[in-house]
Amino acid sequence: MIAEFSLRVAELAGVRSFLEIGAGRANLTGIMLEHLHERNKLYPLIVTDVQPIILENVGKLRDAYPQAQVETFLWNIMEPPPAALRAKLAHPVLLYERYTLNYATIKALEHIAEVADIVVLGDWFNYTGKLYAYDEVFKRIGANPLLYKEVKPLLDEYFPYQYIIDRRAQDAIKLPNITMLIAWK
Ligand SMILES: C[S@@+](CC[C@H](N)C(=O)[O-])C[C@H]1O[C@@H](n2cnc3c(N)ncnc32)[C@H](O)[C@@H]1O
């Protein structure tokens with residue numbers, strides 16, 4: 001869903017670079033590359049993580065998608081983006097991620113805003129303020145439950161235009177989380 005949604009938004013907004021943060025085992029990267037391949041799209045994709053293992057994981061994907069323009073960079077999102085990474089990006093930049101802010105903190109949004117024009121965030125922000133089952137699971141696996149009420153002021157500051165994908169489910173069935181959120185400058 002994150003990949004498909006990012007691609008549709010990219011087409012509408014004339015995006016010129018894709019940026020992924022916290023790629024981990026590169027599962028989401030693989031899904032994105034498959035979507036790009038299916039649609040015959042050649043957006044340059046820069047994949048980052050704080051851990052060097054990402055370079056290997058994405059390297060394996062390069063073999064499967066030789067036509068893809070994919071590069072890797074080490075970036076700790078708790079720090080400003082490296083100059084070499086910035087230099088590679090053509091704006092507008094769409095940054096997508098899944099379960100990475102949960103492992104860093106939402107303060108990283110300040111650094112993310114230095115390079116991204118549009119963000120697609122898949123961190124399951126807690127919408128009610130009351131911790132739910134999945135929040136407890138996050139805590140057990142070393143991640144942080146993130147409360148939307150704490151994320152919202154930062155989004156307002158850096159990415160003032162926002163759309164919550166789950167809005168109707170929240171109203172209709174009281175869904176307690178935000179599965180995916182898109183925000184832009
Ligand atoms: C749960 S994994 C993400 C999985 C991946 N996004 C996916 O959907 O398949 C969390 C990732 O965030 C990365 N990470 C944690 N803290 C980070 C930081 N400060 N800066 C950049 N990446 C970070 C970890 O190294 C790890 O690869």
# chains A, B, ... in the order shown; residues from 1 in each chain; ligands from 1

call {"tool": "residues_near_ligand", "arguments": {"ligand": "ligand 1", "cutoff": "7 Å", "atoms": "only C-alpha atoms and all ligand atoms", "output": "PyMOL selection string"}}
result
chain A and resi 21-28+49-51+75-78+97-100+103-104

call {"tool": "write_last_selection", "arguments": {"atoms": "C-alpha atoms", "output": "PDB file, in the first residue's frame"}}
result
ATOM      1  CA  ILE A  21      14.695   5.713   5.261  1.00  0.00           C
ATOM      2  CA  GLY A  22      15.249   2.815   7.661  1.00  0.00           C
ATOM      3  CA  ALA A  23      15.143   0.165   4.980  1.00  0.00           C
ATOM      4  CA  GLY A  24      16.289  -2.636   7.321  1.00  0.00           C
ATOM      5  CA  ARG A  25      16.081  -5.946   5.488  1.00  0.00           C
ATOM      6  CA  ALA A  26      14.892  -4.059   2.424  1.00  0.00           C
ATOM      7  CA  ASN A  27      11.479  -5.758   2.364  1.00  0.00           C
ATOM      8  CA  LEU A  28       9.688  -2.514   1.566  1.00  0.00           C
ATOM      9  CA  ASP A  49      19.572   3.266   6.948  1.00  0.00           C
ATOM     10  CA  VAL A  50      21.747   3.900   9.976  1.00  0.00           C
ATOM     11  CA  GLN A  51      23.206   0.390   9.707  1.00  0.00           C
ATOM     12  CA  TRP A  75      22.014   8.175   7.242  1.00  0.00           C
ATOM     13  CA  ASN A  76      21.173   8.417  10.898  1.00  0.00           C
ATOM     14  CA  ILE A  77      17.933  10.390  10.705  1.00  0.00           C
ATOM     15  CA  MET A  78      18.571  11.792  14.178  1.00  0.00           C
ATOM     16  CA  GLU A  97       9.094   4.683   5.187  1.00  0.00           C
ATOM     17  CA  ARG A  98       7.576   1.988   7.361  1.00  0.00           C
ATOM     18  CA  TYR A  99       8.270   1.409  11.077  1.00  0.00           C
ATOM     19  CA  THR A 100      11.396   3.558  11.173  1.00  0.00           C
ATOM     20  CA  TYR A 103      12.905   3.047  16.171  1.00  0.00           C
ATOM     21  CA  ALA A 104      14.280   6.607  16.064  1.00  0.00           C
TER      22      ALA A 104
END

call {"tool": "select_by_dssp", "arguments": {"residues": "stretch 108-173 of chain A", "states": "strand (DSSP E or B)", "output": "ChimeraX atom specification"}}
result
/A:118-122,125-126,147,161-164

call {"tool": "residues_around", "arguments": {"residues": "A:Tyr134", "least_positions_apart": "2", "cutoff": "10 Å", "atoms": "only C-alpha atoms", "output": "PyMOL selection string"}}
result
chain A and resi 124+126+131-132+136-140+145+176-177

call {"tool": "write_last_selection", "arguments": {"atoms": "N, CA and C atoms", "output": "PDB file, in the first residue's frame"}}
result
ATOM      1  N   TRP A 124       2.076   3.502  12.100  1.00  0.00           N
ATOM      2  CA  TRP A 124       0.970   3.171  13.001  1.00  0.00           C
ATOM      3  C   TRP A 124       0.885   4.151  14.181  1.00  0.00           C
ATOM      4  N   ASN A 126      -0.553   6.175  17.023  1.00  0.00           N
ATOM      5  CA  ASN A 126      -1.716   5.941  17.886  1.00  0.00           C
ATOM      6  C   ASN A 126      -2.623   7.175  17.816  1.00  0.00           C
ATOM      7  N   LEU A 131      -2.929   3.679  24.873  1.00  0.00           N
ATOM      8  CA  LEU A 131      -2.121   2.634  24.240  1.00  0.00           C
ATOM      9  C   LEU A 131      -2.968   1.405  23.935  1.00  0.00           C
ATOM     10  N   TYR A 132      -2.757   0.853  22.745  1.00  0.00           N
ATOM     11  CA  TYR A 132      -3.545  -0.268  22.251  1.00  0.00           C
ATOM     12  C   TYR A 132      -2.622  -1.475  22.121  1.00  0.00           C
ATOM     13  N   GLU A 136       1.683  -1.995  22.620  1.00  0.00           N
ATOM     14  CA  GLU A 136       2.387  -2.837  23.591  1.00  0.00           C
ATOM     15  C   GLU A 136       3.387  -3.741  22.863  1.00  0.00           C
ATOM     16  N   VAL A 137       2.996  -4.221  21.673  1.00  0.00           N
ATOM     17  CA  VAL A 137       3.912  -5.057  20.888  1.00  0.00           C
ATOM     18  C   VAL A 137       5.144  -4.241  20.507  1.00  0.00           C
ATOM     19  N   PHE A 138       4.943  -3.005  20.064  1.00  0.00           N
ATOM     20  CA  PHE A 138       6.091  -2.138  19.724  1.00  0.00           C
ATOM     21  C   PHE A 138       7.054  -2.076  20.902  1.00  0.00           C
ATOM     22  N   LYS A 139       6.503  -1.869  22.102  1.00  0.00           N
ATOM     23  CA  LYS A 139       7.375  -1.725  23.272  1.00  0.00           C
ATOM     24  C   LYS A 139       8.183  -2.995  23.496  1.00  0.00           C
ATOM     25  N   ARG A 140       7.547  -4.147  23.286  1.00  0.00           N
ATOM     26  CA  ARG A 140       8.234  -5.427  23.530  1.00  0.00           C
ATOM     27  C   ARG A 140       9.343  -5.713  22.526  1.00  0.00           C
ATOM     28  N   PRO A 145       5.925   3.223  20.734  1.00  0.00           N
ATOM     29  CA  PRO A 145       4.603   3.644  20.257  1.00  0.00           C
ATOM     30  C   PRO A 145       4.646   5.152  20.030  1.00  0.00           C
ATOM     31  N   PRO A 176      -8.099   2.584  16.024  1.00  0.00           N
ATOM     32  CA  PRO A 176      -7.292   3.382  16.972  1.00  0.00           C
ATOM     33  C   PRO A 176      -5.943   3.848  16.431  1.00  0.00           C
ATOM     34  N   ASN A 177      -5.623   3.492  15.184  1.00  0.00           N
ATOM     35  CA  ASN A 177      -4.302   3.876  14.681  1.00  0.00           C
ATOM     36  C   ASN A 177      -4.399   4.542  13.311  1.00  0.00           C
TER      37      ASN A 177
END

call {"tool": "select_by_dssp", "arguments": {"residues": "stretch 17-130 of chain A", "states": "alpha helix (DSSP H)", "output": "JSON, numbers by chain"}}
result
{"A": [27, 28, 29, 30, 31, 32, 33, 34, 35, 36, 37, 38, 53, 54, 55, 56, 57, 58, 59, 60, 61, 62, 63, 64, 83, 84, 85, 86, 87, 88, 109, 110, 111, 112]}

call {"tool": "closest_atom_pairs", "arguments": {"of": "stretch 47-81 of chain A", "to": "stretch 86-96 of chain A", "cutoff": "10 Å", "atoms": "only C-alpha atoms", "output": "CSV"}}
result
residue,atom,partner,partner_atom,distance
A:Val47,CA,A:Leu95,CA,9.8
A:Glu71,CA,A:Lys88,CA,9.3
A:Pro81,CA,A:Arg86,CA,6.8

call {"tool": "write_last_selection", "arguments": {"atoms": "N, CA and C atoms", "output": "PDB file, in the first residue's frame"}}
result
ATOM      1  N   VAL A  47      18.108   4.677  -1.059  1.00  0.00           N
ATOM      2  CA  VAL A  47      17.685   3.874   0.086  1.00  0.00           C
ATOM      3  C   VAL A  47      18.698   4.085   1.204  1.00  0.00           C
ATOM      4  N   GLU A  71      20.345   3.626  -5.326  1.00  0.00           N
ATOM      5  CA  GLU A  71      21.618   3.876  -4.636  1.00  0.00           C
ATOM      6  C   GLU A  71      21.383   3.783  -3.141  1.00  0.00           C
ATOM      7  N   PRO A  81      20.795  15.328   7.160  1.00  0.00           N
ATOM      8  CA  PRO A  81      21.186  14.467   6.033  1.00  0.00           C
ATOM      9  C   PRO A  81      22.592  14.808   5.547  1.00  0.00           C
TER      10      PRO A  81
END

call {"tool": "residues_around", "arguments": {"residues": "A:Glu56", "least_positions_apart": "4", "cutoff": "10 Å", "atoms": "only C-alpha atoms", "output": "ChimeraX atom specification"}}
result
/A:25-26,52,60-62,72

call {"tool": "residues_around", "arguments": {"residues": "stretch 165-174 of chain A", "least_positions_apart": "5", "cutoff": "12 Å", "atoms": "only C-alpha atoms", "output": "number ranges by chain"}}
result
A: 1-2, 5, 120-122, 124-128, 179-183

call {"tool": "write_last_selection", "arguments": {"atoms": "C-alpha atoms", "output": "CSV table (one decimal), in the first residue's frame"}}
result
chain,number,residue,atom,x,y,z
A,1,MET,CA,0.0,0.0,0.0
A,2,ILE,CA,2.9,2.4,0.8
A,5,PHE,CA,0.3,5.1,-2.8
A,120,VAL,CA,4.4,8.9,3.2
A,121,LEU,CA,4.7,7.6,6.7
A,122,GLY,CA,3.7,4.0,7.8
A,124,TRP,CA,1.0,3.2,13.0
A,125,PHE,CA,0.6,6.4,14.9
A,126,ASN,CA,-1.7,5.9,17.9
A,127,TYR,CA,-4.8,8.1,17.2
A,128,THR,CA,-6.7,7.8,20.5
A,179,THR,CA,-1.8,3.0,9.2
A,180,MET,CA,-0.6,5.5,6.7
A,181,LEU,CA,-0.3,9.2,6.5
A,182,ILE,CA,0.8,11.5,3.7
A,183,ALA,CA,2.1,15.0,4.3

call {"tool": "atom_distance", "arguments": {"atom1": "atom CA of A:Ile164", "atom2": "atom CA of A:Leu19"}}
result
20.4 Å

call {"tool": "atom_distance", "arguments": {"atom1": "atom CA of A:Glu34", "atom2": "atom CA of A:Asn57"}}
result
15.3 Å

call {"tool": "closest_residue", "arguments": {"among": "A:His111, A:Pro66, A:Asn102, A:Val9", "to": "A:Ile141", "atoms": "only C-alpha atoms"}}
result
A:Asn102

call {"tool": "closest_residue", "arguments": {"among": "A:Glu79, A:Glu11, A:Asp156, A:Asp63", "to": "A:Glu114", "atoms": "only C-alpha atoms"}}
result
A:Glu79

call {"tool": "closest_residue", "arguments": {"among": "A:Ile54, A:Leu12, A:Ala116, A:Leu45", "to": "A:Ala68", "atoms": "only C-alpha atoms"}}
result
A:Leu45

call {"tool": "atom_distance", "arguments": {"atom1": "atom CA of A:Ala108", "atom2": "atom CA of A:Leu155"}}
result
11.1 Å

call {"tool": "closest_residue", "arguments": {"among": "A:Lys107, A:His37, A:Lys149, A:Lys130", "to": "A:Gln69", "atoms": "only C-alpha atoms"}}
result
A:His37

call {"tool": "closest_residue", "arguments": {"among": "A:Leu33, A:Ala3, A:Leu42, A:Leu154", "to": "A:Leu109", "atoms": "only C-alpha atoms"}}
result
A:Leu154

call {"tool": "closest_residue", "arguments": {"among": "A:Asp123, A:Ala133, A:Val58, A:Val15", "to": "A:Ile46", "atoms": "only C-alpha atoms"}}
result
A:Val58
